[in-house]
Amino acid sequence: MSGAKFNRREFLKLAGIGAAAVMAPKAEAAITTVARPLLAAGPHPGDSGGGNQRWLMVIDLARCDGCAACTRACSAMHMVPPGQEWIKVYDMQHEGLADSYFFPRPCMHCDNPPCVNVCPVDATYKRADGTVLMDQDRCIGCRFCLAACPYAARYFNWAEPPHTEQELSYTYSVEMNMPHRKGVVEKCIWCPGLTSQGLLPACVSGCPMGAIYFGDENEDAVTNSLGETHRLSTLLVEGAAERHLAELGTEPRVWYLPPRTQSAKTREQTTASVPAHQG
Amino acid sequence: MTTTFADPTISRPSSFDALNKHERALLAPVFKWGRGVYLTIGGLGAIVAFGIYAYFVQLRDGLSVTGMRDTVSWGIYITDFVFFIGISHVGALLSSILRLTGAGWRHPITRMAEAITFAALLMGALMPIIDLGRPERVLNLILHGRLQSPILWDILSITTYLAGSTIFLLLPLIPDMALLRDKFTDAPTWRRWIYKIFSFGWRGTPEQHVRLERSMNAMAVLILPIAVMVHTVVSWIFAMTLRPGWNSTIFGPYFVAGALASGAASVVLAMVVFRRMYHLENFITLQHFKNMAALVLTLDLVYIYFNLAEYVTVAYKMEAGERAVLGDLFSGKYAGMFWITQFLGLIVPALLLVLPRFKPMTWLNRIRFLRPIPLAAAAAVSLAVSFAPTYIQSWIGYDLASLAFVFRLGAALLAGLAAVSLVPRLQAQPVTSFVIASGLIVVQAWVKRYLIVVPTLEHPLLPAGNTALTGTLYFPTWVEWAISAGAMAGFLLIYFLLSRMFPIVSVWETAHDKKVDEPIGASAHALKQPATASSPEV
């Protein structure tokens with residue numbers, strides 16, 4: 001190429017490069033506009049975005065007496081449709097000689113949540129404060145999350161749930177998850193409506209044994225219904241805490257202190273025994 | 001449309017007499033719509049209508065009208081979905097693989113296969129939508145779709161495959177559509193429109209032939225990876241979860257192999273039905289059945305191998321979660337279904353496909369006791385005795401319950417011997433043998449998918465909901481059966497209508513296969529050999 005003697009090919013080449021340079025930001029904007037709904041979360045009704053906490057739960061299995069007050073407190077608070085237990089107390093029977101123990105199972109609010117990974121429409125999503133929320137305006141009812149959740153923490157409204165006037169009076173928000181609807185998935189949401197006011201989730205404050213602690217990982221502190229506050233890191237280390245099915249890599253945000261002194265005498269209060277780990 | 005059907009001129013169009021012998025043999029079902037056509041449409045339509053009614057019940061009352069609950073949250077809708085998508089693979093197999101490998105014998109059956117693909121994909125894509133709790137929000141999949149979800153992969157691959165398969169169905173149809181446009185002059189107006197639109201201005205020039213050839217070759221290459229990916233991502237719906245029984249690395253190829261086997265088997269069934277129904281004996285010959293049988297046999301053996309690879313590696317280790325699922329399949333509540341499916345659905349078909357190739361085993365006829373009817377009768381009696389009600393047992397004063405297993409084993413043995421006694425006959429009638437094998441494989445394909453979907457869901461890592469994990473956790477309700485039957489009837493209806501709208505055996509492609517009468521009339525250009533055809537394969 002010499003001087004002003006452009007041939008057509010070179011002109012087109014330069015023009016193409018120039019056009020690309022001019023268009024690039026616009027193209028990027030166009031791609032972002034088009035791709036955003038495909039890649040990022042849209043707005044969810046009533047989602048405040050959460051605070052700057054990293055919520056987390058510690059359940060002391062040694063204290064749990066299987067009374068299921070947590071389940072009742074949760075159901076009352078969220079007006080949970082019948083047949084669902086957002087926090088469910090299992091009578092865990094490990095194989096062999098070990099005795100059974102009570103095992104309350106809320107949603108684990110996993111940091112690598114299989115349910116969120118498979119959700120095709122961003123109806124269930126992970127918030128910066130650690131909670132996994134459920135947008136029932138968005139859910140299409142494919143139930144992939146039910147199949148994917150290893151903790152069976154999810155429930156589907158197979159029919160129109162029975163309503164109360166109080167429940168229907170709520171304006172739907174992901175932080176309250178009411179009113180309930182047919183054809184969508186439900187689960188424990190760690191009561192964002194309460195935690196944002198500095199209150200403990202319903203199941204935590206409803207536990208008469210103080211077996212459930214709730215708190216902020218950033219603050220390194222957890223509290224139970226008896227007002228006992230522990231330093232999280234000490235509690236987890238000294239209590240030999242474990243997470244359920246941690247080998248799956250789901251990174252659950254619920255820690256369990258082992259049931260080493262759990263009393264067997266209150267056992268008759270609960271339902272039938274179910275084997276741990278498999279059906 | 002109903003008024004058009006009632007038009008008496010359709011049943012005996014005079015234009016039919018202007019066709020040559022080759023065209024007449026293949027176009028009769030298109031030109032002549034007799035009473036049988038309307039009866040078939042009516043019959044299948046009634047089943048579809050009942051399925052639609054059942055779906056309205058489901059929409060009104062919610063998915064609570066199905067047998068699904070929180071533990072087994074997917075059922076036969078998803079089974080149907082995987083089954084239909086599996087069947088749909090045959091189009092890619094026959095049109096693409098056989099085209100690329102230059103198997104000229106495929107000509108009379110490719111369109112049958114492509115039409116199966118088209119109809120099966122339409123029904124398959126519908127099933128997950130029927131399964132949704134909120135079908136009215138299906139657009140959320142596009143508005144808020146997340147590419148991280150395997151469901152989005154499914155949507156992308158299935159729609160791509162549907163588009164590709166439709167093009168692959170339409171491309172080789174162009175010359176035949178033009179033939180119908182030119183010759184079926186007294187067709188009802190709506191059909192003349194269809195023929196006009198889908199012949200895309202075809203005049204049969206050499207240049208058009210070259211372009212058609214090129215497009216079909218390009219499609220043959222393009223459709224293959226899409227087809228493989230379609231069933232791979234369908235299997236990944238399951239394999240991307242941490243569930244025992246699904247958490248497997250080989251699910252992709254395992255499902256693709258099963259899909260190809262069931263698809264190829266379904267073409268054998270289509271071949272035998274169309275041959276009988278449309279008198280295509282001169283086009284679909286014994287050799288076609290033999291070639292297809294070899295294909296089905298190969299795919300069946302590959303699928304058996306994948307079954308072995310999947311189950312043996314897991315069963316050897318017996319990890320706790322997997323043990324629960326495999327226990328149900330191998331010796332628990334699904335044992336009967338599982339072993340019958342593996343044996344009758346995979347191994348027996350392999351034998352049926354291979355036996356006609358062996359020397360006739362007439363020596364079996366010389367064994368005195370090997371007679372099918374007495375043996376089958378004895379098997380039935382033995383089976384009946386094993387289920388004898390208690391009052392009969394007290395009457396004969398013997399507790400048969402302890403011997404039930406022995407009687408059932410005896411029944412199986414006698415039935416097996418009855419089947420062996422039929423071997424010489426089946427060898428003498430290879431087509432019958434192939435068709436039985438293919439039918440068994442297709443039924444197997446559905447049952448097998450049920451056995452992949454449901455037992456795993458019955459064994460969550462933690463028991464779900466209020467469901468006690470004993471007894472029957474899932475059984476489809478009438479709504480699910482009705483919708484599934486409606487989908488099956490819908491598939492058959494679409495398939496049947498396609499075979500009545502255009503020749504189900506390609507006229508122009510088979511015209512080159514054999515000597516035919518010289519075309520009559522001016523519009524015979526569609527049959528002309530392209531002067532500059534780049535490939536010997538048309």
# chains A, B, ... in the order shown; residues from 1 in each chain; ligands from 1
call {"tool": "residues_around", "arguments": {"residues": "Gly183 in chain A", "least_positions_apart": "3", "cutoff": "9 Å", "atoms": "only C-alpha atoms", "output": "list in words"}}
result
Cys139, Ile140, Gly141, Cys142, Phe156, Asn157, Trp158, Ala159 and Glu160 of chain A; Gly62, Leu63, Leu132, Gly133 and Arg134 of chain B
call {"tool": "write_last_selection", "arguments": {"atoms": "N, CA and C atoms", "output": "PDB file, in the first residue's frame"}}
result
ATOM      1  N   CYS A 139     -41.643 -18.553  38.948  1.00  0.00           N
ATOM      2  CA  CYS A 139     -41.522 -20.020  38.845  1.00  0.00           C
ATOM      3  C   CYS A 139     -42.496 -20.576  37.813  1.00  0.00           C
ATOM      4  N   ILE A 140     -41.980 -21.481  36.950  1.00  0.00           N
ATOM      5  CA  ILE A 140     -42.843 -22.103  35.944  1.00  0.00           C
ATOM      6  C   ILE A 140     -43.318 -23.486  36.380  1.00  0.00           C
ATOM      7  N   GLY A 141     -42.829 -23.952  37.529  1.00  0.00           N
ATOM      8  CA  GLY A 141     -43.311 -25.235  38.045  1.00  0.00           C
ATOM      9  C   GLY A 141     -42.739 -26.451  37.344  1.00  0.00           C
ATOM     10  N   CYS A 142     -41.483 -26.380  36.891  1.00  0.00           N
ATOM     11  CA  CYS A 142     -40.892 -27.536  36.212  1.00  0.00           C
ATOM     12  C   CYS A 142     -40.392 -28.583  37.203  1.00  0.00           C
ATOM     13  N   PHE A 156     -43.820 -28.684  46.404  1.00  0.00           N
ATOM     14  CA  PHE A 156     -44.550 -28.151  45.264  1.00  0.00           C
ATOM     15  C   PHE A 156     -46.017 -28.020  45.639  1.00  0.00           C
ATOM     16  N   ASN A 157     -46.641 -26.935  45.230  1.00  0.00           N
ATOM     17  CA  ASN A 157     -48.075 -26.785  45.481  1.00  0.00           C
ATOM     18  C   ASN A 157     -48.841 -27.502  44.379  1.00  0.00           C
ATOM     19  N   TRP A 158     -49.152 -28.782  44.642  1.00  0.00           N
ATOM     20  CA  TRP A 158     -49.783 -29.627  43.616  1.00  0.00           C
ATOM     21  C   TRP A 158     -51.188 -29.152  43.299  1.00  0.00           C
ATOM     22  N   ALA A 159     -51.851 -28.543  44.298  1.00  0.00           N
ATOM     23  CA  ALA A 159     -53.187 -27.988  44.071  1.00  0.00           C
ATOM     24  C   ALA A 159     -53.205 -26.577  44.652  1.00  0.00           C
ATOM     25  N   GLU A 160     -54.289 -25.863  44.459  1.00  0.00           N
ATOM     26  CA  GLU A 160     -54.439 -24.535  45.053  1.00  0.00           C
ATOM     27  C   GLU A 160     -54.416 -24.692  46.575  1.00  0.00           C
TER      28      GLU A 160
ATOM     29  N   GLY B  62     -54.905 -28.509  38.993  1.00  0.00           N
ATOM     30  CA  GLY B  62     -53.480 -28.564  39.327  1.00  0.00           C
ATOM     31  C   GLY B  62     -52.925 -29.957  39.123  1.00  0.00           C
ATOM     32  N   LEU B  63     -51.614 -30.066  39.296  1.00  0.00           N
ATOM     33  CA  LEU B  63     -50.953 -31.353  39.081  1.00  0.00           C
ATOM     34  C   LEU B  63     -51.310 -32.365  40.166  1.00  0.00           C
ATOM     35  N   LEU B 132     -45.505 -28.873  33.247  1.00  0.00           N
ATOM     36  CA  LEU B 132     -45.284 -27.653  34.031  1.00  0.00           C
ATOM     37  C   LEU B 132     -46.454 -27.369  34.967  1.00  0.00           C
ATOM     38  N   GLY B 133     -46.109 -26.837  36.148  1.00  0.00           N
ATOM     39  CA  GLY B 133     -47.161 -26.411  37.063  1.00  0.00           C
ATOM     40  C   GLY B 133     -47.780 -25.095  36.620  1.00  0.00           C
ATOM     41  N   ARG B 134     -47.000 -24.303  35.877  1.00  0.00           N
ATOM     42  CA  ARG B 134     -47.459 -22.993  35.419  1.00  0.00           C
ATOM     43  C   ARG B 134     -47.209 -22.842  33.923  1.00  0.00           C
TER      44      ARG B 134
END
call {"tool": "closest_atom_pairs", "arguments": {"of": "chain B", "to": "chain A", "cutoff": "6 Å", "atoms": "only C-alpha atoms", "output": "CSV"}}
result
residue,atom,partner,partner_atom,distance
B:Gly62,CA,A:Ala159,CA,4.8
B:Leu63,CA,A:Trp158,CA,5.0
B:Ser64,CA,A:Trp158,CA,4.5
B:Asp70,CA,A:Tyr155,CA,5.9
B:Leu132,CA,A:Cys142,CA,4.9
B:Gly133,CA,A:Gly183,CA,4.0
B:Arg134,CA,A:Ile140,CA,4.7
B:Arg137,CA,A:Ile140,CA,5.7
B:Leu141,CA,A:Val121,CA,5.7
B:His144,CA,A:Val121,CA,4.9
B:Gly145,CA,A:Val121,CA,4.7
B:Arg146,CA,A:Leu38,CA,5.1
B:Ser149,CA,A:Val118,CA,4.4
B:Ile151,CA,A:Pro120,CA,5.9
B:Thr241,CA,A:Ala148,CA,5.1
B:Gly321,CA,A:Gln278,CA,5.6
B:His459,CA,A:Gly279,CA,5.1
B:Leu461,CA,A:Gln278,CA,4.8
B:Leu462,CA,A:Tyr151,CA,5.5
B:Ala464,CA,A:Ala152,CA,4.8
call {"tool": "write_last_selection", "arguments": {"atoms": "all heavy atoms", "output": "CSV table (one decimal), in the first residue's frame"}}
result
chain,number,residue,atom,x,y,z
B,62,GLY,N,-54.9,-28.5,39.0
B,62,GLY,CA,-53.5,-28.6,39.3
B,62,GLY,C,-52.9,-30.0,39.1
B,62,GLY,O,-53.6,-30.9,38.8
B,63,LEU,N,-51.6,-30.1,39.3
B,63,LEU,CA,-51.0,-31.4,39.1
B,63,LEU,C,-51.3,-32.4,40.2
B,63,LEU,O,-50.8,-33.5,40.1
B,63,LEU,CB,-49.4,-31.2,39.0
B,63,LEU,CG,-48.9,-30.5,37.7
B,63,LEU,CD1,-47.5,-30.0,37.9
B,63,LEU,CD2,-48.9,-31.6,36.6
B,64,SER,N,-52.2,-31.9,41.1
B,64,SER,CA,-52.6,-32.9,42.2
B,64,SER,C,-53.4,-34.0,41.5
B,64,SER,O,-53.6,-35.0,42.2
B,64,SER,CB,-53.4,-32.2,43.2
B,64,SER,OG,-54.5,-31.5,42.6
B,70,ASP,N,-44.3,-34.8,46.2
B,70,ASP,CA,-43.0,-34.2,46.4
B,70,ASP,C,-41.8,-35.1,46.3
B,70,ASP,O,-40.8,-34.7,45.9
B,70,ASP,CB,-43.0,-33.5,47.8
B,70,ASP,CG,-43.8,-32.2,47.8
B,70,ASP,OD1,-44.0,-31.6,46.7
B,70,ASP,OD2,-44.3,-31.9,48.8
B,132,LEU,N,-45.5,-28.9,33.2
B,132,LEU,CA,-45.3,-27.7,34.0
B,132,LEU,C,-46.5,-27.4,35.0
B,132,LEU,O,-47.6,-27.6,34.6
B,132,LEU,CB,-45.1,-26.4,33.1
B,132,LEU,CG,-43.8,-26.3,32.3
B,132,LEU,CD1,-43.8,-25.0,31.5
B,132,LEU,CD2,-42.6,-26.5,33.1
B,133,GLY,N,-46.1,-26.8,36.1
B,133,GLY,CA,-47.2,-26.4,37.1
B,133,GLY,C,-47.8,-25.1,36.6
B,133,GLY,O,-48.9,-24.8,36.9
B,134,ARG,N,-47.0,-24.3,35.9
B,134,ARG,CA,-47.5,-23.0,35.4
B,134,ARG,C,-47.2,-22.8,33.9
B,134,ARG,O,-46.4,-22.1,33.5
B,134,ARG,CB,-46.7,-21.9,36.2
B,134,ARG,CG,-47.1,-21.7,37.6
B,134,ARG,CD,-48.4,-20.9,37.6
B,134,ARG,NE,-48.9,-20.7,39.0
B,134,ARG,CZ,-49.8,-19.8,39.3
B,134,ARG,NH1,-50.2,-19.0,38.3
B,134,ARG,NH2,-50.2,-19.6,40.5
B,137,ARG,N,-46.7,-19.6,32.0
B,137,ARG,CA,-45.5,-18.8,32.2
B,137,ARG,C,-44.4,-19.4,31.3
B,137,ARG,O,-43.2,-19.0,31.6
B,137,ARG,CB,-45.0,-18.8,33.6
B,137,ARG,CG,-46.0,-18.1,34.6
B,137,ARG,CD,-45.4,-18.2,36.0
B,137,ARG,NE,-46.3,-17.5,36.9
B,137,ARG,CZ,-46.1,-17.6,38.2
B,137,ARG,NH1,-45.1,-18.2,38.7
B,137,ARG,NH2,-47.0,-17.0,39.0
B,141,LEU,N,-39.1,-18.9,30.1
B,141,LEU,CA,-37.9,-19.6,29.6
B,141,LEU,C,-37.1,-18.7,28.6
B,141,LEU,O,-35.9,-18.9,28.5
B,141,LEU,CB,-38.3,-20.9,29.0
B,141,LEU,CG,-38.8,-22.0,29.9
B,141,LEU,CD1,-39.5,-23.1,29.2
B,141,LEU,CD2,-37.7,-22.5,30.8
B,144,HIS,N,-36.6,-14.9,30.9
B,144,HIS,CA,-35.7,-15.0,32.0
B,144,HIS,C,-34.8,-16.2,31.9
B,144,HIS,O,-34.3,-16.7,33.0
B,144,HIS,CB,-36.5,-15.0,33.3
B,144,HIS,CG,-37.4,-13.8,33.5
B,144,HIS,ND1,-37.0,-12.6,33.8
B,144,HIS,CD2,-38.8,-13.7,33.4
B,144,HIS,CE1,-38.0,-11.7,33.9
B,144,HIS,NE2,-39.1,-12.4,33.6
B,145,GLY,N,-34.6,-16.7,30.7
B,145,GLY,CA,-33.9,-18.0,30.6
B,145,GLY,C,-32.5,-17.9,31.1
B,145,GLY,O,-31.8,-16.9,31.0
B,146,ARG,N,-32.1,-18.9,31.9
B,146,ARG,CA,-30.7,-19.0,32.4
B,146,ARG,C,-29.9,-20.1,31.6
B,146,ARG,O,-30.3,-21.2,31.7
B,146,ARG,CB,-30.7,-19.3,33.9
B,146,ARG,CG,-31.1,-18.1,34.7
B,146,ARG,CD,-31.2,-18.6,36.2
B,146,ARG,NE,-29.9,-18.7,36.8
B,146,ARG,CZ,-29.4,-19.9,37.1
B,146,ARG,NH1,-30.0,-21.0,36.8
B,146,ARG,NH2,-28.2,-19.9,37.7
B,149,SER,N,-28.9,-23.5,33.1
B,149,SER,CA,-29.8,-24.6,33.4
B,149,SER,C,-29.9,-25.6,32.2
B,149,SER,O,-30.1,-25.2,31.1
B,149,SER,CB,-31.2,-24.1,33.7
B,149,SER,OG,-32.1,-25.1,33.7
B,151,ILE,N,-32.2,-27.2,31.3
B,151,ILE,CA,-33.5,-27.1,30.6
B,151,ILE,C,-33.3,-26.1,29.4
B,151,ILE,O,-33.9,-26.4,28.3
B,151,ILE,CB,-34.6,-26.6,31.6
B,151,ILE,CG1,-35.0,-27.8,32.5
B,151,ILE,CG2,-35.8,-26.1,30.8
B,151,ILE,CD1,-36.1,-27.5,33.4
B,241,THR,N,-27.7,-33.9,38.2
B,241,THR,CA,-28.1,-33.9,39.6
B,241,THR,C,-27.3,-34.8,40.4
B,241,THR,O,-26.6,-35.7,39.8
B,241,THR,CB,-29.6,-34.3,39.8
B,241,THR,OG1,-29.7,-35.7,39.4
B,241,THR,CG2,-30.5,-33.5,38.9
B,321,GLY,N,-26.3,-45.0,48.6
B,321,GLY,CA,-27.4,-44.4,47.9
B,321,GLY,C,-27.8,-45.2,46.7
B,321,GLY,O,-28.9,-45.5,46.4
B,459,HIS,N,-35.9,-42.6,45.8
B,459,HIS,CA,-34.8,-42.8,46.8
B,459,HIS,C,-34.0,-41.4,46.9
B,459,HIS,O,-32.9,-41.3,46.5
B,459,HIS,CB,-33.9,-43.9,46.4
B,459,HIS,CG,-34.5,-45.2,46.5
B,459,HIS,ND1,-34.7,-45.9,47.7
B,459,HIS,CD2,-35.0,-46.0,45.5
B,459,HIS,CE1,-35.3,-47.0,47.4
B,459,HIS,NE2,-35.5,-47.1,46.2
B,461,LEU,N,-31.9,-38.5,48.9
B,461,LEU,CA,-30.9,-38.7,49.9
B,461,LEU,C,-31.5,-38.4,51.3
B,461,LEU,O,-31.0,-39.0,52.3
B,461,LEU,CB,-29.8,-37.7,49.6
B,461,LEU,CG,-29.0,-38.1,48.4
B,461,LEU,CD1,-28.2,-36.9,47.8
B,461,LEU,CD2,-28.1,-39.3,48.6
B,462,LEU,N,-32.5,-37.6,51.4
B,462,LEU,CA,-33.3,-37.5,52.6
B,462,LEU,C,-34.7,-37.7,52.2
B,462,LEU,O,-35.1,-37.2,51.2
B,462,LEU,CB,-33.2,-36.0,53.2
B,462,LEU,CG,-32.2,-35.7,54.3
B,462,LEU,CD1,-32.2,-34.2,54.6
B,462,LEU,CD2,-32.5,-36.5,55.5
B,464,ALA,N,-38.5,-37.0,51.6
B,464,ALA,CA,-39.1,-35.7,51.4
B,464,ALA,C,-40.5,-35.7,51.9
B,464,ALA,O,-41.2,-36.7,52.0
B,464,ALA,CB,-39.1,-35.4,49.9
call {"tool": "atom_distance", "arguments": {"atom1": "CA of Val58 in chain A", "atom2": "CA of Val254 in chain A"}}
result
5.7 Å
call {"tool": "select_by_dssp", "arguments": {"residues": "range 68-222 of chain A", "states": "alpha helix (DSSP H)", "output": "ChimeraX atom specification"}}
result
/A:69-78,114-118,144-148,165-168,192-195,202-205
call {"tool": "write_last_selection", "arguments": {"atoms": "N, CA, C and O atoms", "output": "compact mmCIF listing (two decimals), in the first residue's frame"}}
result
# COMPACT_ATOMS: atom_id res chain seq x y z
N ALA A 69 -41.39 -28.05 67.60
CA ALA A 69 -41.92 -26.70 67.82
C ALA A 69 -41.43 -25.76 66.71
O ALA A 69 -42.12 -24.82 66.32
N CYS A 70 -40.21 -26.05 66.19
CA CYS A 70 -39.67 -25.24 65.10
C CYS A 70 -40.57 -25.33 63.87
O CYS A 70 -40.89 -24.32 63.23
N THR A 71 -41.01 -26.55 63.56
CA THR A 71 -41.88 -26.76 62.41
C THR A 71 -43.18 -25.99 62.59
O THR A 71 -43.66 -25.33 61.66
N ARG A 72 -43.73 -26.07 63.80
CA ARG A 72 -45.01 -25.39 64.05
C ARG A 72 -44.85 -23.88 63.99
O ARG A 72 -45.68 -23.17 63.41
N ALA A 73 -43.75 -23.38 64.56
CA ALA A 73 -43.51 -21.94 64.54
C ALA A 73 -43.36 -21.44 63.11
O ALA A 73 -43.90 -20.40 62.72
N CYS A 74 -42.66 -22.23 62.31
CA CYS A 74 -42.44 -21.88 60.90
C CYS A 74 -43.76 -21.87 60.15
O CYS A 74 -44.08 -20.93 59.43
N SER A 75 -44.55 -22.94 60.36
CA SER A 75 -45.81 -23.05 59.63
C SER A 75 -46.76 -21.92 59.99
O SER A 75 -47.50 -21.41 59.14
N ALA A 76 -46.73 -21.52 61.27
CA ALA A 76 -47.59 -20.42 61.70
C ALA A 76 -47.14 -19.11 61.08
O ALA A 76 -47.94 -18.32 60.57
N MET A 77 -45.85 -18.89 61.10
CA MET A 77 -45.28 -17.65 60.58
C MET A 77 -45.53 -17.50 59.09
O MET A 77 -45.94 -16.44 58.62
N HIS A 78 -45.28 -18.57 58.33
CA HIS A 78 -45.38 -18.47 56.87
C HIS A 78 -46.71 -18.98 56.34
O HIS A 78 -46.90 -19.01 55.13
N PRO A 114 -27.59 -26.69 44.26
CA PRO A 114 -28.00 -27.43 43.06
C PRO A 114 -29.32 -26.93 42.49
O PRO A 114 -29.52 -26.95 41.28
N CYS A 115 -30.22 -26.46 43.38
CA CYS A 115 -31.53 -26.00 42.92
C CYS A 115 -31.38 -24.75 42.06
O CYS A 115 -32.02 -24.62 41.02
N VAL A 116 -30.53 -23.82 42.51
CA VAL A 116 -30.32 -22.58 41.76
C VAL A 116 -29.62 -22.89 40.44
O VAL A 116 -29.96 -22.34 39.39
N ASN A 117 -28.65 -23.82 40.50
CA ASN A 117 -27.93 -24.16 39.28
C ASN A 117 -28.86 -24.62 38.17
O ASN A 117 -28.68 -24.29 37.01
N VAL A 118 -29.87 -25.41 38.52
CA VAL A 118 -30.70 -26.02 37.47
C VAL A 118 -31.93 -25.18 37.13
O VAL A 118 -32.58 -25.45 36.12
N PHE A 144 -37.59 -29.06 38.55
CA PHE A 144 -36.21 -29.52 38.41
C PHE A 144 -35.49 -29.36 39.75
O PHE A 144 -34.68 -30.18 40.15
N CYS A 145 -35.82 -28.26 40.48
CA CYS A 145 -35.15 -28.01 41.76
C CYS A 145 -35.50 -29.08 42.78
O CYS A 145 -34.67 -29.44 43.61
N LEU A 146 -36.75 -29.61 42.72
CA LEU A 146 -37.12 -30.69 43.63
C LEU A 146 -36.25 -31.91 43.38
O LEU A 146 -35.82 -32.59 44.30
N ALA A 147 -36.02 -32.18 42.08
CA ALA A 147 -35.20 -33.34 41.73
C ALA A 147 -33.75 -33.11 42.11
O ALA A 147 -33.04 -34.04 42.48
N ALA A 148 -33.30 -31.85 42.04
CA ALA A 148 -31.88 -31.57 42.24
C ALA A 148 -31.50 -31.44 43.71
O ALA A 148 -30.36 -31.70 44.07
N GLU A 165 -57.86 -15.27 55.08
CA GLU A 165 -57.95 -13.85 54.70
C GLU A 165 -56.67 -13.12 55.02
O GLU A 165 -56.20 -12.27 54.26
N GLN A 166 -56.07 -13.50 56.17
CA GLN A 166 -54.83 -12.84 56.58
C GLN A 166 -53.73 -13.09 55.56
O GLN A 166 -52.98 -12.18 55.19
N GLU A 167 -53.66 -14.36 55.10
CA GLU A 167 -52.63 -14.72 54.14
C GLU A 167 -52.84 -13.96 52.83
O GLU A 167 -51.89 -13.43 52.24
N LEU A 168 -54.10 -13.87 52.41
CA LEU A 168 -54.39 -13.20 51.15
C LEU A 168 -54.19 -11.70 51.23
O LEU A 168 -54.06 -11.02 50.21
N PRO A 192 -36.52 -13.60 55.82
CA PRO A 192 -35.88 -12.29 55.63
C PRO A 192 -36.71 -11.16 56.21
O PRO A 192 -36.16 -10.13 56.64
N GLY A 193 -38.03 -11.38 56.25
CA GLY A 193 -38.90 -10.35 56.82
C GLY A 193 -38.59 -10.10 58.28
O GLY A 193 -38.78 -8.99 58.80
N LEU A 194 -38.11 -11.13 59.02
CA LEU A 194 -37.78 -10.96 60.43
C LEU A 194 -36.33 -10.53 60.62
O LEU A 194 -36.03 -9.63 61.41
N THR A 195 -35.43 -11.19 59.86
CA THR A 195 -34.00 -10.90 60.07
C THR A 195 -33.67 -9.47 59.71
O THR A 195 -32.79 -8.86 60.34
N ALA A 202 -38.35 -17.60 62.60
CA ALA A 202 -39.43 -18.15 63.42
C ALA A 202 -39.03 -19.46 64.08
O ALA A 202 -39.30 -19.69 65.26
N CYS A 203 -38.35 -20.35 63.33
CA CYS A 203 -38.00 -21.66 63.89
C CYS A 203 -36.98 -21.51 65.01
O CYS A 203 -37.02 -22.23 66.01
N VAL A 204 -36.06 -20.53 64.88
CA VAL A 204 -35.01 -20.34 65.88
C VAL A 204 -35.63 -19.85 67.18
O VAL A 204 -35.39 -20.41 68.25
N SER A 205 -36.46 -18.81 67.07
CA SER A 205 -37.05 -18.28 68.31
C SER A 205 -38.11 -19.22 68.85
O SER A 205 -38.43 -19.16 70.03
call {"tool": "atom_distance", "arguments": {"atom1": "CA of Pro104 in chain A", "atom2": "CA of Glu219 in chain A"}}
result
24.4 Å
call {"tool": "atom_distance", "arguments": {"atom1": "CA of Asn177 in chain A", "atom2": "CA of Thr124 in chain A"}}
result
12.0 Å
call {"tool": "residues_around", "arguments": {"residues": "Ile494 in chain B", "least_positions_apart": "6", "cutoff": "10 Å", "atoms": "only C-alpha atoms", "output": "ChimeraX atom specification"}}
result
/B:41,44,115-116,118-120,122-123,500
call {"tool": "residues_around", "arguments": {"residues": "Cys110 in chain A", "least_positions_apart": "3", "cutoff": "8 Å", "atoms": "only C-alpha atoms", "output": "PyMOL selection string"}}
result
chain A and resi 113+130+132+250-253
call {"tool": "write_last_selection", "arguments": {"atoms": "N, CA and C atoms", "output": "mmCIF file, in the first residue's frame"}}
result
data_model
loop_
_atom_site.group_PDB
_atom_site.id
_atom_site.type_symbol
_atom_site.label_atom_id
_atom_site.label_comp_id
_atom_site.auth_asym_id
_atom_site.auth_seq_id
_atom_site.Cartn_x
_atom_site.Cartn_y
_atom_site.Cartn_z
ATOM 1 N N PRO A 113 -25.637 -24.032 45.380
ATOM 2 C CA PRO A 113 -26.972 -24.635 45.473
ATOM 3 C C PRO A 113 -27.388 -25.368 44.190
ATOM 4 N N GLY A 130 -26.424 -14.704 51.592
ATOM 5 C CA GLY A 130 -26.326 -16.139 51.829
ATOM 6 C C GLY A 130 -27.621 -16.900 51.645
ATOM 7 N N VAL A 132 -31.031 -18.434 49.976
ATOM 8 C CA VAL A 132 -31.562 -18.859 48.681
ATOM 9 C C VAL A 132 -33.055 -18.548 48.697
ATOM 10 N N THR A 250 -22.135 -29.236 48.059
ATOM 11 C CA THR A 250 -23.160 -28.205 47.947
ATOM 12 C C THR A 250 -22.868 -27.015 48.866
ATOM 13 N N GLU A 251 -21.884 -27.139 49.748
ATOM 14 C CA GLU A 251 -21.508 -26.064 50.671
ATOM 15 C C GLU A 251 -22.706 -25.517 51.438
ATOM 16 N N PRO A 252 -23.383 -26.371 52.215
ATOM 17 C CA PRO A 252 -24.557 -25.883 52.945
ATOM 18 C C PRO A 252 -24.175 -24.845 54.003
ATOM 19 N N ARG A 253 -25.082 -23.919 54.286
ATOM 20 C CA ARG A 253 -24.827 -22.886 55.295
ATOM 21 C C ARG A 253 -25.442 -23.261 56.641
#
call {"tool": "residues_around", "arguments": {"residues": "range 374-380 of chain B", "least_positions_apart": "2", "cutoff": "6 Å", "atoms": "only C-alpha atoms", "output": "PyMOL selection string"}}
result
chain B and resi 372+382-383+411+414-415+418
